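> Next up, data_5.cif (mmCIF, C-alpha atoms and all ligand atoms).
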```cif
data_my_file
loop_
_atom_site.label_atom_id
_atom_site.label_comp_id
_atom_site.auth_asym_id
_atom_site.auth_seq_id
_atom_site.Cartn_x
_atom_site.Cartn_y
_atom_site.Cartn_z
CA MET A 1 0.00 0.00 0.00
CA SER A 2 1.30 3.47 -0.88
CA ASP A 3 2.24 5.89 1.85
CA ILE A 4 -0.63 8.17 0.93
CA LYS A 5 -3.18 5.42 1.24
CA LYS A 6 -1.69 4.42 4.55
CA ILE A 7 -2.05 7.93 5.89
CA LYS A 8 -5.59 8.12 4.62
CA ASN A 9 -6.68 4.85 6.21
CA GLU A 10 -4.94 5.58 9.46
CA PHE A 11 -6.62 8.94 9.84
CA LEU A 12 -10.05 7.95 8.60
CA HIS A 13 -9.92 5.34 11.32
CA LYS A 14 -8.88 7.93 13.90
CA LEU A 15 -11.64 10.29 12.82
CA ASN A 16 -14.29 7.65 13.25
CA ALA A 17 -13.56 7.37 16.94
CA ASP A 18 -15.49 9.32 19.57
CA LEU A 19 -13.78 12.70 19.47
CA ASN A 20 -13.94 16.04 21.16
CA ILE A 21 -12.68 19.44 19.92
CA GLU A 22 -9.26 18.93 21.51
CA SER A 23 -8.66 15.52 19.99
CA ILE A 24 -9.77 16.80 16.60
CA ASN A 25 -7.34 19.70 16.84
CA GLN A 26 -4.65 17.18 17.76
CA ILE A 27 -5.40 15.15 14.63
CA LYS A 28 -5.41 18.30 12.57
CA SER A 29 -1.90 19.20 13.66
CA GLU A 30 -0.68 15.63 13.16
CA LEU A 31 -1.78 15.97 9.56
CA PHE A 32 -1.39 19.60 8.57
CA GLY A 33 0.95 21.04 11.21
CA LYS A 34 4.52 22.04 10.30
CA LYS A 35 5.76 18.53 10.87
CA GLY A 36 2.43 16.90 10.02
CA LYS A 37 2.18 13.86 7.81
CA ILE A 38 0.59 15.64 4.85
CA SER A 39 2.97 18.60 5.09
CA ASN A 40 5.95 16.21 5.21
CA SER A 41 4.73 14.27 2.20
CA PHE A 42 4.56 17.51 0.23
CA LYS A 43 8.15 18.23 1.23
CA ASN A 44 9.22 14.84 -0.16
CA LEU A 45 7.74 15.67 -3.53
CA GLY A 46 11.04 17.13 -4.77
CA SER A 47 12.97 13.88 -4.25
CA LEU A 48 10.65 11.84 -6.51
CA PRO A 49 11.43 11.05 -10.16
CA THR A 50 9.62 13.44 -12.49
CA GLU A 51 7.25 10.86 -13.95
CA GLU A 52 5.93 9.86 -10.49
CA ARG A 53 5.77 13.38 -9.12
CA LYS A 54 2.62 14.50 -10.88
CA LYS A 55 0.52 11.51 -9.85
CA PHE A 56 1.84 11.63 -6.30
CA ALA A 57 0.98 15.30 -5.95
CA SER A 58 -2.50 14.84 -7.32
CA ASP A 59 -3.17 11.81 -5.07
CA LEU A 60 -1.85 13.68 -2.09
CA ASN A 61 -4.03 16.70 -2.79
CA PHE A 62 -7.01 14.46 -3.14
CA VAL A 63 -6.44 12.81 0.21
CA LYS A 64 -5.66 16.12 1.83
CA ASP A 65 -9.03 17.55 0.70
CA GLU A 66 -10.87 14.43 1.77
CA LEU A 67 -9.39 14.48 5.25
CA GLN A 68 -9.86 18.21 5.60
CA GLU A 69 -13.53 17.89 4.68
CA LYS A 70 -14.03 15.08 7.13
CA ILE A 71 -12.44 17.14 9.92
CA ASN A 72 -14.61 20.18 9.16
CA LYS A 73 -17.72 18.05 9.21
CA LYS A 74 -16.72 16.54 12.56
CA ILE A 75 -16.14 19.99 14.06
CA GLN A 76 -19.51 21.18 12.83
CA GLU A 77 -21.23 18.15 14.30
CA LEU A 78 -19.56 18.74 17.62
CA GLU A 79 -20.58 22.39 17.67
CA ILE A 80 -24.21 21.53 16.98
CA LYS A 81 -24.10 18.86 19.66
CA GLU A 82 -22.71 21.39 22.14
CA ILE A 83 -25.39 23.98 21.36
CA ASN A 84 -28.15 21.40 21.66
CA SER A 85 -26.94 20.15 24.99
CA LYS A 86 -26.64 23.76 26.24
CA LEU A 87 -30.20 24.48 25.13
CA GLU A 88 -31.43 21.40 26.91
CA ASN A 89 -29.63 22.09 30.14
CA GLU A 90 -29.97 25.86 30.40
CA LYS A 91 -33.59 26.25 31.32
CA VAL A 92 -34.84 29.61 32.57
CA ASP A 93 -37.45 29.26 35.23
CA VAL A 94 -39.43 32.45 34.89
CA THR A 95 -41.36 31.70 38.06
CA LEU A 96 -38.27 32.06 40.26
CA PRO A 97 -38.01 35.25 42.37
CA GLU A 98 -35.47 37.84 41.15
CA ARG A 99 -32.03 37.77 42.70
CA ASN A 100 -29.74 40.79 43.04
CA ILE A 101 -31.00 42.33 39.84
CA VAL A 102 -29.60 45.83 39.31
CA GLN A 103 -32.56 47.85 38.17
CA GLY A 104 -32.10 50.76 35.78
CA LYS A 105 -33.59 54.17 36.58
CA ILE A 106 -35.34 56.75 34.45
CA HIS A 107 -33.35 60.01 34.22
CA PRO A 108 -35.14 63.01 35.80
CA VAL A 109 -35.12 64.81 32.43
CA SER A 110 -36.88 61.87 30.74
CA GLN A 111 -39.32 61.69 33.63
CA VAL A 112 -40.10 65.40 33.37
CA ILE A 113 -40.59 65.15 29.58
CA ASP A 114 -43.10 62.35 30.18
CA GLU A 115 -44.86 64.40 32.84
CA ILE A 116 -45.05 67.45 30.56
CA SER A 117 -46.41 65.35 27.67
CA CYS A 118 -49.08 63.93 30.00
CA ILE A 119 -50.18 67.34 31.20
CA PHE A 120 -50.45 68.89 27.74
CA SER A 121 -52.09 65.84 26.16
CA GLU A 122 -54.87 66.18 28.71
CA ILE A 123 -55.87 69.53 27.11
CA GLY A 124 -55.53 68.46 23.49
CA PHE A 125 -51.87 69.06 22.57
CA SER A 126 -50.10 66.41 20.51
CA VAL A 127 -46.35 65.79 20.54
CA GLU A 128 -44.09 66.73 17.61
CA GLU A 129 -40.36 66.23 17.08
CA GLY A 130 -37.67 67.90 14.99
CA PRO A 131 -34.00 67.20 14.26
CA ASP A 132 -31.14 68.38 16.51
CA VAL A 133 -29.11 69.31 13.43
CA GLU A 134 -31.04 72.17 11.88
CA ASN A 135 -30.43 74.56 9.01
CA GLU A 136 -30.22 78.25 9.66
CA HIS A 137 -33.47 78.87 7.76
CA TYR A 138 -35.67 76.93 10.18
CA ASN A 139 -33.70 77.98 13.27
CA PHE A 140 -33.62 81.71 12.42
CA THR A 141 -34.84 83.11 9.09
CA ALA A 142 -38.29 81.50 9.01
CA LEU A 143 -38.71 82.62 12.62
CA ASN A 144 -38.46 86.26 11.58
CA THR A 145 -34.78 86.45 12.57
CA PRO A 146 -33.04 87.59 9.38
CA ASP A 147 -29.27 87.73 8.78
CA ASN A 148 -27.50 90.28 10.98
CA HIS A 149 -30.36 90.31 13.48
CA PRO A 150 -28.80 90.79 16.94
CA ALA A 151 -30.77 87.81 18.30
CA ARG A 152 -28.55 85.54 16.20
CA ASP A 153 -25.47 86.57 18.18
CA MET A 154 -27.28 86.22 21.47
CA HIS A 155 -27.82 82.53 20.85
CA ASP A 156 -24.12 81.44 20.96
CA THR A 157 -24.75 79.09 18.09
CA PHE A 158 -22.72 75.97 17.33
CA TYR A 159 -22.33 76.13 13.55
CA LEU A 160 -21.51 72.90 11.74
CA ASN A 161 -20.01 74.32 8.54
CA ASP A 162 -18.15 77.44 7.43
CA LYS A 163 -21.07 78.76 5.42
CA LYS A 164 -23.13 78.74 8.64
CA GLU A 165 -25.96 76.87 6.92
CA LEU A 166 -26.05 73.90 9.27
CA LEU A 167 -26.13 74.25 13.04
CA LEU A 168 -27.21 72.55 16.25
CA ARG A 169 -30.63 74.02 16.98
CA THR A 170 -30.43 76.75 19.61
CA HIS A 171 -34.08 76.33 20.62
CA THR A 172 -37.05 74.08 19.84
CA SER A 173 -38.82 76.90 17.96
CA PRO A 174 -37.83 75.53 14.49
CA VAL A 175 -40.31 72.72 15.19
CA GLN A 176 -43.06 75.39 15.01
CA VAL A 177 -42.04 76.08 11.41
CA ARG A 178 -41.67 72.40 10.47
CA THR A 179 -45.09 71.58 11.95
CA MET A 180 -46.89 74.43 10.22
CA LEU A 181 -45.28 73.63 6.85
CA LYS A 182 -46.41 70.02 7.17
CA GLY A 183 -50.12 70.59 7.71
CA LYS A 184 -53.03 73.00 7.81
CA PRO A 185 -54.25 75.04 10.81
CA PRO A 186 -55.45 74.61 13.51
CA PHE A 187 -52.26 73.44 15.27
CA LYS A 188 -51.99 72.48 18.91
CA ILE A 189 -48.65 70.85 19.60
CA ILE A 190 -45.77 70.62 22.02
CA ALA A 191 -42.24 69.66 20.94
CA PRO A 192 -39.80 68.54 23.63
CA GLY A 193 -36.15 67.95 22.80
CA ARG A 194 -32.46 68.78 23.05
CA THR A 195 -31.14 72.25 22.29
CA TYR A 196 -27.58 73.57 22.13
CA ARG A 197 -25.73 76.79 22.93
CA SER A 198 -22.07 77.46 23.52
CA ASP A 199 -22.45 78.27 27.20
CA SER A 200 -21.51 76.44 30.40
CA ASP A 201 -21.70 77.12 34.16
CA GLN A 202 -23.74 75.98 37.17
CA THR A 203 -27.03 76.92 35.53
CA HIS A 204 -26.12 76.61 31.82
CA ALA A 205 -25.02 73.53 29.88
CA PRO A 206 -23.99 73.46 26.20
CA MET A 207 -26.74 70.90 25.67
CA PHE A 208 -30.03 71.41 27.45
CA HIS A 209 -33.71 70.66 26.96
CA GLN A 210 -36.69 72.74 25.99
CA VAL A 211 -40.31 72.09 25.25
CA GLU A 212 -41.94 74.23 22.61
CA GLY A 213 -45.66 74.89 22.60
CA LEU A 214 -47.73 76.16 19.68
CA HIS A 215 -51.44 76.78 19.45
CA ILE A 216 -52.79 78.34 16.24
CA ASP A 217 -56.48 78.71 15.50
CA LYS A 218 -58.95 81.44 14.52
CA TYR A 219 -59.63 83.14 17.82
CA ILE A 220 -56.65 82.42 20.05
CA ASN A 221 -55.51 85.31 22.25
CA MET A 222 -53.12 86.07 25.08
CA GLY A 223 -55.77 85.04 27.64
CA HIS A 224 -55.63 81.49 26.29
CA LEU A 225 -51.85 81.54 26.64
CA LYS A 226 -52.08 82.67 30.24
CA GLY A 227 -54.73 80.09 31.10
CA CYS A 228 -52.76 77.31 29.47
CA LEU A 229 -49.52 78.14 31.29
CA ASN A 230 -51.32 78.58 34.59
CA TYR A 231 -52.89 75.14 34.23
CA PHE A 232 -49.55 73.65 33.20
CA ILE A 233 -47.50 75.04 36.07
CA LYS A 234 -50.08 74.05 38.68
CA SER A 235 -50.33 70.51 37.29
CA PHE A 236 -46.57 70.16 36.95
CA PHE A 237 -45.76 71.23 40.49
CA GLU A 238 -48.83 69.39 41.78
CA VAL A 239 -50.10 72.42 43.71
CA ASP A 240 -53.48 74.18 43.80
CA LYS A 241 -52.16 77.70 43.85
CA ILE A 242 -49.25 79.37 42.07
CA LYS A 243 -47.89 82.85 41.68
CA MET A 244 -47.06 83.67 38.11
CA ARG A 245 -45.98 86.92 36.50
CA PHE A 246 -45.66 87.95 32.85
CA ARG A 247 -42.76 90.33 32.20
CA PRO A 248 -42.59 92.19 28.85
CA SER A 249 -39.75 90.81 26.75
CA HIS A 250 -38.66 90.48 23.14
CA PHE A 251 -38.40 87.55 20.73
CA PRO A 252 -38.30 88.16 16.96
CA PHE A 253 -40.91 85.43 16.39
CA THR A 254 -43.57 86.65 18.83
CA GLU A 255 -45.36 89.97 19.28
CA PRO A 256 -46.12 90.84 22.00
CA SER A 257 -43.57 88.74 23.88
CA ALA A 258 -43.21 87.93 27.54
CA GLU A 259 -41.07 86.04 29.97
CA VAL A 260 -42.82 84.20 32.74
CA ASP A 261 -41.60 84.00 36.33
CA ILE A 262 -43.04 81.85 39.07
CA GLY A 263 -43.09 82.86 42.72
CA TYR A 264 -41.30 80.77 45.30
CA GLU A 265 -39.91 80.85 48.78
CA LEU A 266 -37.07 79.06 50.57
CA LYS A 267 -38.27 77.06 53.60
CA ASP A 268 -35.59 75.16 55.56
CA GLY A 269 -33.32 75.30 52.51
CA LYS A 270 -36.07 73.86 50.28
CA ILE A 271 -37.81 75.62 47.43
CA VAL A 272 -41.58 75.95 47.92
CA ILE A 273 -43.42 76.88 44.73
CA GLY A 274 -46.42 79.19 44.83
CA GLU A 275 -45.56 81.13 47.96
CA GLY A 276 -43.16 83.87 49.03
CA ASP A 277 -41.77 86.87 47.20
CA LYS A 278 -38.89 85.46 45.18
CA TRP A 279 -39.23 85.07 41.40
CA LEU A 280 -37.72 82.57 39.02
CA GLU A 281 -37.80 82.79 35.24
CA ILE A 282 -38.90 79.56 33.60
CA LEU A 283 -40.11 80.31 30.09
CA GLY A 284 -40.44 82.67 27.14
CA CYS A 285 -43.68 83.11 25.20
CA GLY A 286 -45.88 85.40 23.13
CA MET A 287 -48.33 85.68 20.26
CA VAL A 288 -46.85 84.21 17.06
CA HIS A 289 -45.56 87.06 14.87
CA PRO A 290 -47.56 87.60 11.64
CA ASN A 291 -44.31 87.33 9.64
CA VAL A 292 -43.76 83.80 10.95
CA LEU A 293 -47.26 82.81 9.81
CA LYS A 294 -46.65 84.41 6.40
CA ASN A 295 -43.37 82.47 6.08
CA VAL A 296 -45.31 79.20 6.38
CA LYS A 297 -48.12 80.36 4.05
CA ILE A 298 -50.72 80.92 6.74
CA ASN A 299 -52.91 84.01 6.47
CA PRO A 300 -52.32 86.04 9.66
CA ASP A 301 -55.62 87.87 9.16
CA LYS A 302 -57.43 84.58 9.53
CA TYR A 303 -55.30 82.65 11.96
CA GLN A 304 -53.35 83.58 15.05
CA GLY A 305 -52.06 81.96 18.17
CA TYR A 306 -49.46 81.71 20.86
CA ALA A 307 -46.14 79.94 21.33
CA PHE A 308 -43.97 79.27 24.33
CA GLY A 309 -40.58 77.72 25.08
CA ILE A 310 -39.99 76.19 28.50
CA GLY A 311 -36.60 75.19 29.94
CA ILE A 312 -37.10 71.57 30.95
CA ASP A 313 -33.90 71.09 32.97
CA ARG A 314 -34.73 74.02 35.19
CA LEU A 315 -38.21 72.67 35.87
CA ALA A 316 -36.72 69.30 36.78
CA MET A 317 -34.21 70.96 39.14
CA LEU A 318 -36.98 72.92 40.85
CA LYS A 319 -39.40 70.05 41.23
CA TYR A 320 -36.90 67.45 42.38
CA GLY A 321 -34.50 69.63 44.42
CA ILE A 322 -31.44 69.22 42.19
CA ASN A 323 -29.10 72.18 42.56
CA ASP A 324 -26.44 71.73 39.89
CA LEU A 325 -27.48 71.41 36.27
CA ARG A 326 -24.19 69.79 35.28
CA ALA A 327 -25.00 66.67 37.31
CA PHE A 328 -27.72 65.88 34.75
CA PHE A 329 -25.14 65.14 32.11
CA GLU A 330 -22.36 63.48 34.09
CA THR A 331 -23.84 59.95 33.84
CA ASP A 332 -22.87 59.24 37.45
CA TYR A 333 -24.65 56.00 38.35
CA ARG A 334 -24.90 56.90 42.06
CA TRP A 335 -26.56 60.20 41.21
CA LEU A 336 -29.00 58.50 38.86
CA ASN A 337 -29.76 55.88 41.45
CA HIS A 338 -30.68 58.63 43.90
CA PHE A 339 -32.58 61.04 41.63
CA GLY A 340 -33.84 58.56 39.01
CA PHE A 341 -37.33 57.08 38.73
CA ASP A 342 -38.75 53.58 38.68
CA PRO A 343 -39.22 52.56 35.02
CA LEU A 344 -42.55 50.92 35.87
CA ASP A 345 -43.98 54.07 37.45
CA VAL A 346 -44.87 55.81 34.21
CA PRO A 347 -46.44 59.24 34.85
CA SER A 348 -50.14 59.35 34.10
CA ASN A 349 -52.89 61.93 34.49
CA TYR A 350 -55.25 59.76 36.46
CA ARG A 351 -52.81 57.98 38.78
CA GLY A 352 -50.47 60.89 39.44
CA LEU A 353 -47.40 62.36 37.77
CA SER A 354 -44.73 61.61 40.32
CA ARG A 355 -44.61 59.63 43.51
N1 LIG B 401 -37.26 80.09 21.62
C1 LIG B 401 -37.19 80.98 22.75
C2 LIG B 401 -35.89 80.78 23.49
O1 LIG B 401 -35.28 79.76 23.34
C3 LIG B 401 -38.35 80.78 23.69
C4 LIG B 401 -39.67 81.10 23.06
C5 LIG B 401 -40.41 80.14 22.40
C6 LIG B 401 -40.17 82.40 23.14
C7 LIG B 401 -41.64 80.45 21.83
C8 LIG B 401 -41.37 82.72 22.58
C9 LIG B 401 -42.11 81.74 21.93
O2 LIG B 401 -35.42 81.62 24.24
#
```
If you convert what's in this file into structure tokens, what do you get?


Amino acid sequence: MSDIKKIKNEFLHKLNADLNIESINQIKSELFGKKGKISNSFKNLGSLPTEERKKFASDLNFVKDELQEKINKKIQELEIKEINSKLENEKVDVTLPERNIVQGKIHPVSQVIDEISCIFSEIGFSVEEGPDVENEHYNFTALNTPDNHPARDMHDTFYLNDKKELLLRTHTSPVQVRTMLKGKPPFKIIAPGRTYRSDSDQTHAPMFHQVEGLHIDKYINMGHLKGCLNYFIKSFFEVDKIKMRFRPSHFPFTEPSAEVDIGYELKDGKIVIGEGDKWLEILGCGMVHPNVLKNVKINPDKYQGYAFGIGIDRLAMLKYGINDLRAFFETDYRWLNHFGFDPLDVPSNYRGLSR
């Protein structure tokens, strides 16, 4: 019997035995390793007479492929066997009590966004979204803030290209424009989301959150705005009485414009909303400027309405007694564990917003 045949028979015999991954790897190296039988046979090729060399090489290749195939098949079989036995043995008993499970928490900002959405949905607002990366048209021009308008500088904008066409939105107001371009009045929406300005200290972060509100219909006036905000702030802080004051202000996209402060007092180092004689600014608002309506092809003689922009992070700090804004964005697990919320306690209007 030729050497090649001998090798083949020897190893086919070995491969028919009961093997595991280690013994297969052993066989593999005996055959194809540096000093393996097949590798050695190839080395001997040179010493053969020319007429025998061709046949020998072809026979050897043939056997090599056959053995290789057999080995691969064996490995595959073993892997399938292993998976099947794992599946059979690893049973999950879902009726067992939980053990040492680390439970995740809902971030206060997410919680507050859910609370706000609940409150506004109760009085007919739906929720809209817009992109964080905006173009300057939606962020400024369409909102009656043309080139060279001083309000553009006041926003400390992060521009994303040299031409200043793309930017990180500096407020959620561009969602007003996007919403109105998409549909026909009336509109009654809120739009919570991230906003960005190049600013950072204890009360300012380069990324923060706002919720935009927009209500456009035929007979909407400033009284509706006041009523809506009054209802919102009372519901949000879960109190029956609040002190609220409208201060004249200026935004290019509203006329008249106002900033709203809420009254509070410090009792034993804690903020109590609705009492006392201290004031805290929490939002900007006003009646949507006719130019903004014209920019989205709405006739300002027929339709009008109000808009507001509330700082979400500040509301969360006030309601949950958090005194440094920067902690929101530090992803410190201990902080989240303390200030975070149970994921199963979703805020709802009928059961309560926070507990
Ligand atoms: N976009 C304004 C800001 O970020 C807030 C605002 C929204 C004011 C809507 C009026 C109306 O400061």

> Please identify every polymer residue within 7 Å of ligand LIG 401 (chain B), using only C-alpha atoms and all ligand atoms, and present the set as a short mmCIF file (atom, residue, chain, number, x, y, z; two decimals) with C-alpha atoms, keeping the file's coordinate frame.


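This went into part.cif:
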```cif
data_model
loop_
_atom_site.label_atom_id
_atom_site.label_comp_id
_atom_site.auth_asym_id
_atom_site.auth_seq_id
_atom_site.Cartn_x
_atom_site.Cartn_y
_atom_site.Cartn_z
CA THR A 170 -30.43 76.75 19.61
CA HIS A 171 -34.08 76.33 20.62
CA THR A 172 -37.05 74.08 19.84
CA SER A 173 -38.82 76.90 17.96
CA GLU A 212 -41.94 74.23 22.61
CA GLY A 213 -45.66 74.89 22.60
CA PHE A 251 -38.40 87.55 20.73
CA PHE A 253 -40.91 85.43 16.39
CA THR A 254 -43.57 86.65 18.83
CA SER A 257 -43.57 88.74 23.88
CA LEU A 283 -40.11 80.31 30.09
CA GLY A 284 -40.44 82.67 27.14
CA CYS A 285 -43.68 83.11 25.20
CA GLY A 286 -45.88 85.40 23.13
CA ALA A 307 -46.14 79.94 21.33
CA PHE A 308 -43.97 79.27 24.33
CA GLY A 309 -40.58 77.72 25.08
CA ILE A 310 -39.99 76.19 28.50
#
```

> List as a PyMOL selection string the protein and nucleic acid residues near segment 180-190 of chain A, meaning an atom at most 8 Å away when only C-alpha atoms are counted, but skip any in the same chain fewer than 6 places from it.

chain A and resi 117+120+124-128+211-218+296-298+303

> Hey, can you check how far atom CA of Glu129 of chain A sits from atom CA of Leu167 of chain A?

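Interatomic distance here is 16.8 Å.
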
> Write out as a count of residues only the residues lying within 10 Å of segment 56-58 of chain A, counting only C-alpha atoms and excluding same-chain residues fewer than 5 positions away.

10

> Calculated over only C-alpha atoms, which of the candidates A:Pro97, A:Pro146, A:Pro49, A:Pro108 has the smallest distance to Pro343 of chain A?

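The closest residue to Pro343 of chain A is A:Pro108.
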
> List every protein, DNA or RNA residue that has at least one atom no more than 8 Å from (-43.2, 83.0, 12.4) in the file's coordinates, counting only C-alpha atoms, and write the result as a ChimeraX atom specification.

/A:142-144,177,253-254,288-296

> Could you check which of A:Asn299, A:Ser198, A:Ser354, A:Ser235 is closest to Ile119 of chain A, using all atoms listed in the file?

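Closest residue, counting all atoms listed in the file: A:Ser235.
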
> Calculate how many Å separate atom CA of Val239 of chain A from atom CA of Ile273 of chain A, rounding to one decimal.

8.1 Å
